[in-house]
>>> print(open('upload11.txt').read())   # compact mmCIF, C-alpha atoms and all ligand atoms
# COMPACT_ATOMS: atom_id res chain seq x y z
CA MET A 12 74.70 106.20 100.06
CA GLY A 13 71.20 106.83 98.77
CA ALA A 14 69.41 106.05 102.02
CA ALA A 15 72.01 107.92 104.12
CA THR A 16 71.56 110.98 101.90
CA ALA A 17 67.76 110.75 102.21
CA TYR A 18 68.07 110.53 106.00
CA HIS A 19 70.31 113.58 106.27
CA LEU A 20 68.22 115.64 103.85
CA LEU A 21 65.12 115.03 105.95
CA ALA A 22 66.98 115.56 109.22
CA TYR A 23 67.86 119.07 108.03
CA HIS A 24 64.63 119.77 106.15
CA PRO A 25 61.71 117.63 107.39
CA ARG A 26 59.26 118.86 104.73
CA LEU A 27 61.47 118.18 101.71
CA ALA A 28 60.09 115.78 99.05
CA VAL A 29 62.65 112.96 98.83
CA GLY A 30 62.35 109.85 96.65
CA VAL A 31 64.81 106.95 96.61
CA VAL A 32 64.69 104.80 93.48
CA GLU A 33 65.84 101.21 94.12
CA ARG A 34 65.46 98.43 91.59
CA ASP A 35 66.02 95.60 94.08
CA PRO A 36 64.67 96.21 97.59
CA SER A 37 66.26 92.90 98.66
CA TYR A 38 69.64 94.65 98.11
CA ARG A 39 71.02 91.25 97.06
CA HIS A 40 73.70 92.70 94.80
CA SER A 41 74.31 95.99 96.57
CA SER A 42 77.95 96.46 97.52
CA THR A 43 76.85 97.65 100.95
CA VAL A 44 75.44 94.31 102.07
CA LEU A 45 78.28 92.42 100.38
CA SER A 46 80.97 94.48 102.10
CA ASP A 47 83.19 93.37 104.97
CA GLY A 48 81.89 96.21 107.13
CA ASN A 49 85.35 97.39 108.12
CA VAL A 50 85.60 100.91 109.52
CA ARG A 51 89.06 102.38 109.98
CA ILE A 52 90.73 105.58 110.97
CA GLN A 53 93.89 104.46 109.19
CA PHE A 54 93.86 106.48 105.99
CA ASN A 55 96.52 108.84 104.68
CA LEU A 56 94.23 111.49 103.25
CA GLU A 57 92.85 114.02 105.73
CA GLU A 58 89.40 113.91 104.14
CA ASN A 59 89.18 110.13 104.54
CA ILE A 60 90.40 110.28 108.15
CA ARG A 61 87.86 112.97 109.03
CA MET A 62 85.06 110.99 107.36
CA SER A 63 86.02 107.96 109.48
CA GLN A 64 86.11 110.04 112.66
CA TYR A 65 82.59 111.16 111.88
CA ALA A 66 81.54 107.57 111.07
CA MET A 67 82.74 106.39 114.47
CA SER A 68 80.83 109.06 116.32
CA ALA A 69 77.74 108.53 114.13
CA LEU A 70 77.85 104.80 114.92
CA ASP A 71 77.99 105.41 118.68
CA ASP A 72 74.35 106.49 118.82
CA PHE A 73 73.20 105.04 115.49
CA GLY A 74 70.77 102.58 117.05
CA ASP A 75 69.07 105.34 119.09
CA ARG A 76 68.78 107.75 116.16
CA MET A 77 67.46 105.12 113.74
CA THR A 78 64.89 103.52 116.05
CA VAL A 79 61.49 103.38 114.36
CA GLY A 80 58.56 102.26 116.51
CA GLY A 81 59.75 99.20 118.40
CA TRP A 82 62.50 98.42 115.87
CA ARG A 83 66.10 99.35 116.63
CA PRO A 84 69.00 98.53 114.31
CA GLU A 85 72.06 97.02 115.99
CA PRO A 86 75.18 97.76 113.93
CA SER A 87 77.13 95.93 116.67
CA PRO A 88 80.46 97.77 116.28
CA ARG A 89 83.28 95.39 117.12
CA LYS A 90 86.45 97.36 117.79
CA GLN A 91 88.93 94.55 117.31
CA GLY A 92 91.43 97.00 115.77
CA ASN A 93 93.24 96.97 112.43
CA LEU A 94 96.92 96.08 112.15
CA PHE A 95 98.61 97.22 108.93
CA LEU A 96 101.90 95.36 108.46
CA THR A 97 104.59 97.27 106.64
CA ASP A 98 107.67 96.27 104.69
CA ALA A 99 110.53 98.54 103.59
CA GLY A 100 108.65 99.61 100.44
CA GLY A 101 105.64 100.78 102.42
CA GLN A 102 107.35 102.38 105.37
CA ALA A 103 107.41 105.98 104.16
CA ALA A 104 103.67 105.91 103.40
CA ALA A 105 102.94 104.26 106.75
CA GLU A 106 104.90 106.93 108.61
CA GLN A 107 103.22 109.71 106.70
CA GLY A 108 99.78 108.25 107.45
CA LEU A 109 100.60 107.76 111.11
CA ALA A 110 101.79 111.35 111.47
CA LYS A 111 98.63 112.67 109.77
CA GLN A 112 96.33 110.49 111.86
CA ARG A 113 98.01 111.54 115.10
CA ALA A 114 97.92 115.20 114.11
CA LEU A 115 94.15 114.79 113.72
CA GLY A 116 93.83 113.32 117.19
CA CYS A 117 93.58 109.62 116.27
CA GLU A 118 94.96 106.92 118.50
CA VAL A 119 97.22 104.85 116.27
CA GLU A 120 100.48 103.25 117.37
CA TRP A 121 103.57 101.92 115.63
CA LEU A 122 104.49 98.38 116.69
CA GLU A 123 107.89 96.84 115.91
CA ARG A 124 107.92 93.30 114.54
CA GLY A 125 108.90 91.86 117.95
CA GLU A 126 106.09 93.70 119.72
CA ILE A 127 103.57 92.33 117.22
CA ALA A 128 104.83 88.78 117.83
CA GLU A 129 104.50 89.36 121.56
CA ARG A 130 101.04 90.96 121.54
CA PHE A 131 99.53 88.91 118.73
CA PRO A 132 101.60 85.69 118.43
CA ALA A 133 99.35 84.44 115.62
CA TYR A 134 100.62 87.28 113.44
CA ALA A 135 104.33 86.65 113.99
CA GLY A 136 106.08 86.58 110.64
CA ALA A 137 109.40 87.27 109.03
CA ASN A 138 108.58 89.46 106.07
CA TYR A 139 107.60 92.76 107.60
CA LEU A 140 109.30 95.47 109.63
CA GLY A 141 106.44 96.35 111.92
CA GLY A 142 102.99 97.79 111.63
CA THR A 143 100.52 100.47 112.58
CA PHE A 144 97.78 99.47 114.98
CA GLY A 145 94.51 101.39 115.29
CA PRO A 146 92.60 100.05 118.31
CA ASP A 147 89.42 101.94 117.36
CA ASP A 148 89.18 100.37 113.90
CA GLY A 149 86.83 97.45 113.54
CA SER A 150 83.77 95.86 111.98
CA VAL A 151 80.17 96.95 111.79
CA ASP A 152 77.14 95.08 110.43
CA PRO A 153 76.38 96.66 107.01
CA ASN A 154 72.82 95.28 106.94
CA ALA A 155 71.95 97.08 110.17
CA VAL A 156 73.36 100.37 108.87
CA LEU A 157 71.54 100.06 105.54
CA LEU A 158 68.22 99.09 107.13
CA GLY A 159 68.63 101.80 109.76
CA TYR A 160 68.90 104.53 107.15
CA VAL A 161 66.17 102.99 104.94
CA ARG A 162 63.59 102.62 107.71
CA ARG A 163 64.38 105.89 109.48
CA SER A 164 64.32 107.96 106.29
CA ARG A 165 61.09 106.25 105.22
CA ALA A 166 59.51 107.00 108.61
CA ASP A 167 60.69 110.61 108.21
CA GLY A 168 58.92 110.91 104.84
CA ALA A 169 61.20 109.55 102.10
CA VAL A 170 59.33 107.62 99.42
CA PHE A 171 61.10 104.44 98.30
CA ILE A 172 60.25 103.68 94.68
CA HIS A 173 60.73 100.12 93.45
CA ALA A 174 61.92 100.68 89.86
CA THR A 175 65.02 100.94 87.71
CA ALA A 176 66.21 104.41 86.80
CA THR A 177 66.85 104.05 83.07
CA ALA A 178 68.04 107.62 82.44
CA VAL A 179 68.61 110.96 84.05
CA SER A 180 67.01 113.82 82.15
CA ALA A 181 68.59 117.23 81.76
CA LYS A 182 68.25 120.28 79.55
CA ARG A 183 70.56 123.24 78.98
CA GLY A 184 72.96 122.18 81.72
CA LYS A 185 70.22 121.60 84.33
CA VAL A 186 68.90 118.35 85.68
CA LEU A 187 65.15 117.75 85.19
CA GLY A 188 64.55 114.37 86.81
CA VAL A 189 64.75 110.64 86.23
CA GLU A 190 63.14 108.21 83.77
CA LEU A 191 61.96 104.88 85.20
CA ASP A 192 61.61 101.48 83.51
CA ASP A 193 57.89 101.35 84.36
CA GLY A 194 57.30 104.34 82.07
CA ARG A 195 57.10 106.98 84.76
CA SER A 196 59.13 110.20 84.69
CA LEU A 197 60.05 111.81 87.99
CA SER A 198 60.59 115.57 87.91
CA ALA A 199 63.17 116.90 90.33
CA PRO A 200 65.56 119.84 90.43
CA ILE A 201 68.09 117.66 92.25
CA VAL A 202 69.13 114.12 91.32
CA VAL A 203 71.74 112.21 93.34
CA ASN A 204 73.55 109.40 91.57
CA ALA A 205 74.02 106.78 94.29
CA ALA A 206 73.93 103.80 91.93
CA GLY A 207 77.13 102.21 93.27
CA ALA A 208 78.89 99.99 90.74
CA TRP A 209 76.23 100.97 88.18
CA CYS A 210 76.80 104.73 88.52
CA ALA A 211 78.73 105.27 85.28
CA GLU A 212 75.94 103.70 83.19
CA LEU A 213 73.42 106.12 84.66
CA ALA A 214 75.67 109.17 84.35
CA ARG A 215 76.32 108.33 80.68
CA THR A 216 72.62 108.87 79.92
CA ILE A 217 73.25 112.61 80.21
CA GLY A 218 76.70 112.51 78.67
CA VAL A 219 78.61 112.56 81.95
CA ASP A 220 81.65 110.32 81.70
CA LEU A 221 82.65 108.95 85.12
CA PRO A 222 85.93 107.04 85.47
CA VAL A 223 84.21 104.39 87.60
CA GLU A 224 84.15 100.68 86.77
CA PRO A 225 82.44 97.67 88.39
CA VAL A 226 85.20 95.34 89.60
CA MET A 227 84.65 91.80 90.85
CA ARG A 228 85.76 91.27 94.46
CA THR A 229 85.58 87.87 96.08
CA VAL A 230 85.80 87.38 99.82
CA TYR A 231 86.63 84.01 101.40
CA THR A 232 85.63 82.59 104.76
CA MET A 233 88.16 80.26 106.33
CA ASP A 234 88.02 77.82 109.25
CA THR A 235 91.49 77.79 110.74
CA GLU A 236 93.43 76.45 113.71
CA VAL A 237 93.75 79.97 115.14
CA ASP A 238 91.57 81.42 117.88
CA ALA A 239 90.03 84.56 116.34
CA VAL A 240 88.98 86.07 119.66
CA GLY A 241 91.14 89.02 120.73
CA LEU A 242 92.94 89.36 117.41
CA PRO A 243 92.83 92.52 115.27
CA SER A 244 92.20 92.43 111.54
CA VAL A 245 95.54 92.20 109.77
CA PHE A 246 96.50 93.78 106.45
CA LEU A 247 99.63 92.36 104.78
CA PRO A 248 102.06 94.58 102.86
CA SER A 249 100.70 93.05 99.63
CA GLY A 250 97.18 94.28 100.46
CA LEU A 251 95.76 90.87 101.40
CA TYR A 252 93.75 91.22 104.59
CA VAL A 253 92.32 88.84 107.17
CA ILE A 254 89.44 89.73 109.47
CA PRO A 255 88.79 87.61 112.58
CA GLU A 256 85.12 86.68 112.89
CA HIS A 257 84.32 84.25 115.72
CA GLY A 258 85.61 80.92 117.03
CA ARG A 259 88.35 79.97 114.56
CA ARG A 260 86.71 81.61 111.60
CA PHE A 261 88.34 84.38 109.56
CA VAL A 262 87.41 86.25 106.38
CA CYS A 263 89.99 87.28 103.82
CA GLY A 264 90.11 89.43 100.68
CA TRP A 265 92.65 90.92 98.30
CA SER A 266 92.29 93.36 95.41
CA GLN A 267 94.30 92.37 92.35
CA PRO A 268 95.16 94.42 89.26
CA ASP A 269 93.51 91.78 87.05
CA ASP A 270 90.23 91.58 88.98
CA PRO A 271 87.61 91.36 86.20
CA VAL A 272 85.62 94.46 85.20
CA THR A 273 82.15 92.96 85.11
CA PHE A 274 78.67 92.77 86.62
CA ASP A 275 79.25 89.05 87.22
CA PHE A 276 78.86 87.75 90.80
CA THR A 277 80.27 84.25 90.27
CA PHE A 278 82.19 82.90 93.27
CA ASN A 279 85.76 82.06 92.20
CA ARG A 280 86.95 79.23 94.45
CA GLU A 281 90.13 78.45 92.51
CA ARG A 282 91.56 81.92 93.02
CA PHE A 283 91.78 81.27 96.74
CA PHE A 284 93.98 78.20 96.22
CA ASP A 285 96.04 79.70 93.37
CA LEU A 286 96.71 83.09 94.91
CA PHE A 287 95.35 83.88 98.35
CA TRP A 288 96.35 80.85 100.40
CA PRO A 289 99.97 80.71 99.15
CA GLU A 290 100.46 84.39 100.04
CA LEU A 291 98.76 83.95 103.41
CA GLY A 292 100.84 80.90 104.37
CA ARG A 293 104.05 82.59 103.21
CA GLN A 294 103.44 85.68 105.33
CA LEU A 295 101.62 84.26 108.36
CA PRO A 296 102.55 80.60 108.88
CA VAL A 297 99.64 79.93 111.28
CA PHE A 298 97.38 79.97 108.23
CA GLU A 299 99.24 77.18 106.43
CA ALA A 300 96.54 74.82 107.69
CA LEU A 301 92.95 75.83 107.05
CA HIS A 302 89.67 74.85 105.44
CA LEU A 303 87.96 77.07 102.89
CA ALA A 304 84.44 77.32 104.31
CA GLY A 305 82.86 79.52 101.61
CA GLY A 306 82.63 83.15 100.65
CA TRP A 307 80.89 85.53 98.30
CA THR A 308 81.46 87.94 95.43
CA GLY A 309 80.50 91.60 95.30
CA LEU A 310 81.44 94.60 93.20
CA TYR A 311 83.87 97.38 94.02
CA GLU A 312 82.94 100.65 92.31
CA VAL A 313 86.51 101.53 91.38
CA ASN A 314 87.37 105.12 90.55
CA ARG A 315 90.19 104.70 88.03
CA LEU A 316 91.30 108.31 88.49
CA ASP A 317 92.46 107.98 92.10
CA GLU A 318 90.45 105.32 93.96
CA ASN A 319 88.61 107.84 96.12
CA GLY A 320 84.99 108.91 96.34
CA ILE A 321 83.64 111.51 93.92
CA ILE A 322 81.39 113.62 96.10
CA GLY A 323 79.36 116.66 95.10
CA GLU A 324 77.67 118.39 92.18
CA TRP A 325 78.83 117.69 88.63
CA PRO A 326 80.01 121.14 87.47
CA GLU A 327 78.49 120.89 83.99
CA VAL A 328 74.95 119.84 85.03
CA ALA A 329 73.30 121.92 87.76
CA GLY A 330 71.43 119.73 90.24
CA PHE A 331 73.23 116.49 89.34
CA PHE A 332 75.02 115.28 92.49
CA LEU A 333 77.36 112.31 92.79
CA ALA A 334 78.24 109.89 95.57
CA ASN A 335 80.33 107.50 93.50
CA GLY A 336 83.61 105.64 93.07
CA PHE A 337 84.45 104.77 96.68
CA SER A 338 86.69 101.88 95.61
CA GLY A 339 86.44 99.64 98.66
CA HIS A 340 85.93 102.15 101.48
CA GLY A 341 82.46 103.47 100.80
CA PHE A 342 80.52 101.62 103.47
CA GLN A 343 82.20 103.51 106.30
CA GLN A 344 81.85 106.81 104.44
CA CYS A 345 78.08 106.73 103.96
CA HIS A 346 77.45 108.74 107.14
CA ALA A 347 79.78 111.61 106.21
CA VAL A 348 78.88 111.55 102.51
CA GLY A 349 75.13 111.49 103.19
CA ARG A 350 75.49 114.46 105.52
CA HIS A 351 77.81 116.31 103.14
CA LEU A 352 75.51 115.93 100.12
CA ALA A 353 72.52 117.04 102.17
CA GLU A 354 74.45 120.14 103.24
CA LEU A 355 75.52 120.98 99.69
CA ILE A 356 72.02 120.41 98.29
CA LEU A 357 70.41 122.57 100.98
CA GLY A 358 73.03 125.31 100.68
CA ARG A 359 74.35 124.82 104.21
CA VAL A 360 77.96 125.28 105.22
CA PRO A 361 79.50 121.80 104.96
CA SER A 362 80.57 120.24 108.28
CA LEU A 363 83.63 118.75 106.56
CA ASP A 364 85.79 120.29 103.87
CA LEU A 365 85.60 117.66 101.10
CA LEU A 366 86.25 120.06 98.25
CA ARG A 367 89.30 118.12 97.07
CA LEU A 368 87.04 115.10 96.52
CA SER A 369 84.53 117.05 94.45
CA PRO A 370 83.76 116.04 90.84
CA GLN A 371 85.75 119.00 89.49
CA ARG A 372 88.92 116.92 89.87
CA VAL A 373 87.57 114.42 87.33
CA LEU A 374 87.16 117.18 84.73
CA ASP A 375 90.60 118.58 85.64
CA HIS A 376 92.25 115.12 85.69
CA GLN A 377 93.65 115.95 89.13
CA PRO A 378 93.86 112.73 91.14
CA VAL A 379 93.85 112.88 94.94
CA TYR A 380 95.52 109.67 96.08
CA GLU A 381 95.72 107.84 99.33
CA ASN A 382 99.42 107.24 99.79
CA THR A 383 99.39 103.48 99.85
CA GLY A 384 99.35 103.06 96.07
CA ARG A 385 96.98 100.12 96.23
CA ILE A 386 93.29 99.42 96.64
CA ILE A 387 92.24 97.69 99.83
C1 LIG B 401 83.54 92.45 98.90
C2 LIG B 401 83.47 93.89 99.33
C3 LIG B 401 84.02 94.25 100.55
C4 LIG B 401 83.96 95.59 100.96
N1 LIG B 401 84.44 95.91 102.19
C5 LIG B 401 84.32 97.18 102.64
C6 LIG B 401 84.73 97.52 103.97
O1 LIG B 401 85.17 96.66 104.72
N2 LIG B 401 84.58 98.81 104.37
C7 LIG B 401 84.06 99.77 103.55
O2 LIG B 401 83.97 100.92 103.97
N3 LIG B 401 83.66 99.48 102.29
C8 LIG B 401 83.77 98.21 101.82
N4 LIG B 401 83.37 97.91 100.56
C9 LIG B 401 82.92 98.98 99.66
C10 LIG B 401 81.50 99.38 99.97
O3 LIG B 401 80.70 98.24 100.06
C11 LIG B 401 80.97 100.33 98.90
O4 LIG B 401 81.90 101.36 98.63
C12 LIG B 401 79.65 100.97 99.34
O5 LIG B 401 78.82 100.00 99.92
C13 LIG B 401 78.97 101.65 98.17
O6 LIG B 401 77.68 102.04 98.57
P1 LIG B 401 76.64 102.55 97.48
O7 LIG B 401 75.40 102.90 98.21
O8 LIG B 401 77.30 103.55 96.61
O9 LIG B 401 76.42 101.27 96.53
P2 LIG B 401 75.42 100.01 96.71
O10 LIG B 401 75.39 99.51 98.10
O11 LIG B 401 75.79 99.02 95.65
O12 LIG B 401 74.02 100.62 96.40
C14 LIG B 401 73.66 101.02 95.10
C15 LIG B 401 72.22 100.67 94.90
O13 LIG B 401 71.76 101.23 93.69
C16 LIG B 401 70.86 100.33 93.07
N5 LIG B 401 70.86 100.67 91.66
C17 LIG B 401 71.91 100.66 90.81
N6 LIG B 401 71.54 101.11 89.61
C18 LIG B 401 70.23 101.42 89.70
C19 LIG B 401 69.29 101.94 88.78
N7 LIG B 401 69.64 102.24 87.53
N8 LIG B 401 68.01 102.11 89.19
C20 LIG B 401 67.65 101.81 90.47
N9 LIG B 401 68.51 101.32 91.38
C21 LIG B 401 69.78 101.12 91.00
C22 LIG B 401 71.44 98.96 93.38
O14 LIG B 401 70.44 97.96 93.31
C23 LIG B 401 72.00 99.17 94.79
O15 LIG B 401 71.08 98.77 95.79
C24 LIG B 401 83.38 96.57 100.12
C25 LIG B 401 82.82 96.20 98.90
C26 LIG B 401 82.85 94.87 98.51
C27 LIG B 401 82.25 94.48 97.19
>>> encode(input="upload11.txt", output="structure tokens")
Amino acid sequence: MGAATAYHLLAYHPRLAVGVVERDPSYRHSSTVLSDGNVRIQFNLEENIRMSQYAMSALDDFGDRMTVGGWRPEPSPRKQGNLFLTDAGGQAAAEQGLAKQRALGCEVEWLERGEIAERFPAYAGANYLGGTFGPDDGSVDPNAVLLGYVRRSRADGAVFIHATATAVSAKRGKVLGVELDDGRSLSAPIVVNAAGAWCAELARTIGVDLPVEPVMRTVYTMDTEVDAVGLPSVFLPSGLYVIPEHGRRFVCGWSQPDDPVTFDFTFNRERFFDLFWPELGRQLPVFEALHLAGGWTGLYEVNRLDENGIIGEWPEVAGFFLANGFSGHGFQQCHAVGRHLAELILGRVPSLDLLRLSPQRVLDHQPVYENTGRII
């Protein structure tokens, strides 16, 4: 979010002074590099659909736009499609989403259970009615996107500062800058909080209370007996999802209500055997036999108000902008959010109407939900 915002600011205003404070330039714990890289059109909220449409077009020529010298990032979009399976409880939301997506020009189809079994025999199962299939959804390499924005914005003039921002400073309802752990103070009339799972800590330093928590999310890699080639990613009605990688390898993840709120990155192997595998085998019998190859743990920055991004200026502190709380779908939104923040900061007319996702809704306690009722 930070690097994408820097890129868009400088694309609009090449002489602007832009600094990006990053405490760990290896990005080891950043949610972006620990994400699954899934990009999907299949949302229920118009704002999220439009952000994904923009992401897909931005990714088409991303490599060209981000080339610096002889270096060209390769986000390698893989449009294997996403298949969202639906049971009776989820059908109304699925239909509503499908209608909205189609009205916005997206190609998404409804497949009956029999059609799914015919087209994707590996995903034949008894416990769903059918599913929505978005052929344009797919996976993108998060490292390439992150490095693309970092290197391009740096080449365009952004200064990357290796330090921890310990506090934002503000006076009489106006932001003044940022305090760093090396003793420096940066003065700036605009500060963007793009601190991911750590955003609430930083906002608290000027008394801004964000409803965002760091939530542990473990992803598992599985070697199976199923050929991954040609299969879409599949999302079960429970929210558990499986992404085909290569050969017979798949990745799976599942948000749970009791996922720990923590900054701990420990890999929880037992949870796969206790929870994930039984659900997977029950729903899709081809996964009854598999080998857990490994996995990793990252943090979701969960917005407890409504699980959607909080995007824009905090109404009570002029100059304090937020790109926070994306709750599992922030990687794909960095293009649209970076552009949107740059437009707001520079006083341009926003390309997308994201007003409903602005921070005002936090102060008003007005959630704007996706319709699925669960975090993916
Ligand atoms: C396991 C997992 C799977 C996911 N899968 C997907 C997916 O398939 N599709 C999707 O769209 N999204 C996915 N997400 C969500 C997505 O990764 C995030 O929403 C998104 O990457 C957030 O980007 P960000 O820039 O806000 O945060 P980050 O990438 O975490 O960046 C924040 C940066 O701020 C730095 N920082 C924090 N505090 C400070 C400070 N005080 N001073 C200096 N630097 C600081 C951190 O070091 C970090 O580099 C997934 C997330 C996880 C954990």
>>> closest_residue(input="upload11.txt", among="A:Ile172, A:Ala133, A:Ile52, A:Ala304", to="A:Ser68", atoms="only C-alpha atoms")
A:Ile52
>>> residues_near_ligand(input="upload11.txt", ligand="ligand LIG 401 (chain B)", cutoff="6 Å", atoms="all atoms listed in the file", output="ChimeraX atom specification")
/A:12-13,32-35,38,41-43,45-50,174-177,205-209,228-230,309-311,335,337-343
>>> residues_around(input="upload11.txt", residues="A:Gly74", least_positions_apart="6", cutoff="6 Å", atoms="all atoms listed in the file", output="list in words")
Arg83, Pro84 and Glu85 of chain A
>>> residues_near_point(input="upload11.txt", point="(74.8, 108.4, 103.6)", cutoff="10 Å", atoms="all atoms listed in the file", output="number ranges by chain")
A: 12-20, 156-157, 160, 205, 334, 341-353
>>> atom_distance(input="upload11.txt", atom1="atom CA of A:Leu365", atom2="atom CA of A:Pro326")
15.1 Å
>>> residues_around(input="upload11.txt", residues="A:Pro200", least_positions_apart="4", cutoff="12 Å", atoms="only C-alpha atoms", output="PyMOL selection string")
chain A and resi 28-29+179-182+184-189+328-332+356-357
>>> closest_residue(input="upload11.txt", among="A:Val31, A:Gly108, A:Phe284, A:Arg183", to="A:Arg162", atoms="all atoms listed in the file")
A:Val31
>>> closest_residue(input="upload11.txt", among="A:Asn204, A:Gln53, A:Gln371, A:Thr232", to="A:Arg259", atoms="all atoms listed in the file")
A:Thr232
>>> atom_distance(input="upload11.txt", atom1="atom CA of A:Val151", atom2="atom CA of A:Ser362")
23.6 Å
>>> residues_around(input="upload11.txt", residues="A:Glu106", least_positions_apart="6", cutoff="12 Å", atoms="only C-alpha atoms", output="number ranges by chain")
A: 53-55, 95-100, 112-113, 119-122, 141-143, 382-383
>>> axis_aligned_box(input="upload11.txt", around="stretch 192-202 of chain A", padding_each_side="8 Å", output="lines of an AutoDock Vina configuration file")
center_x = 63.1
center_y = 110.6
center_z = 87.2
size_x = 28.0
size_y = 34.5
size_z = 26.2
>>> atom_distance(input="upload11.txt", atom1="atom CA of A:Gly159", atom2="atom CA of A:Thr78")
7.5 Å
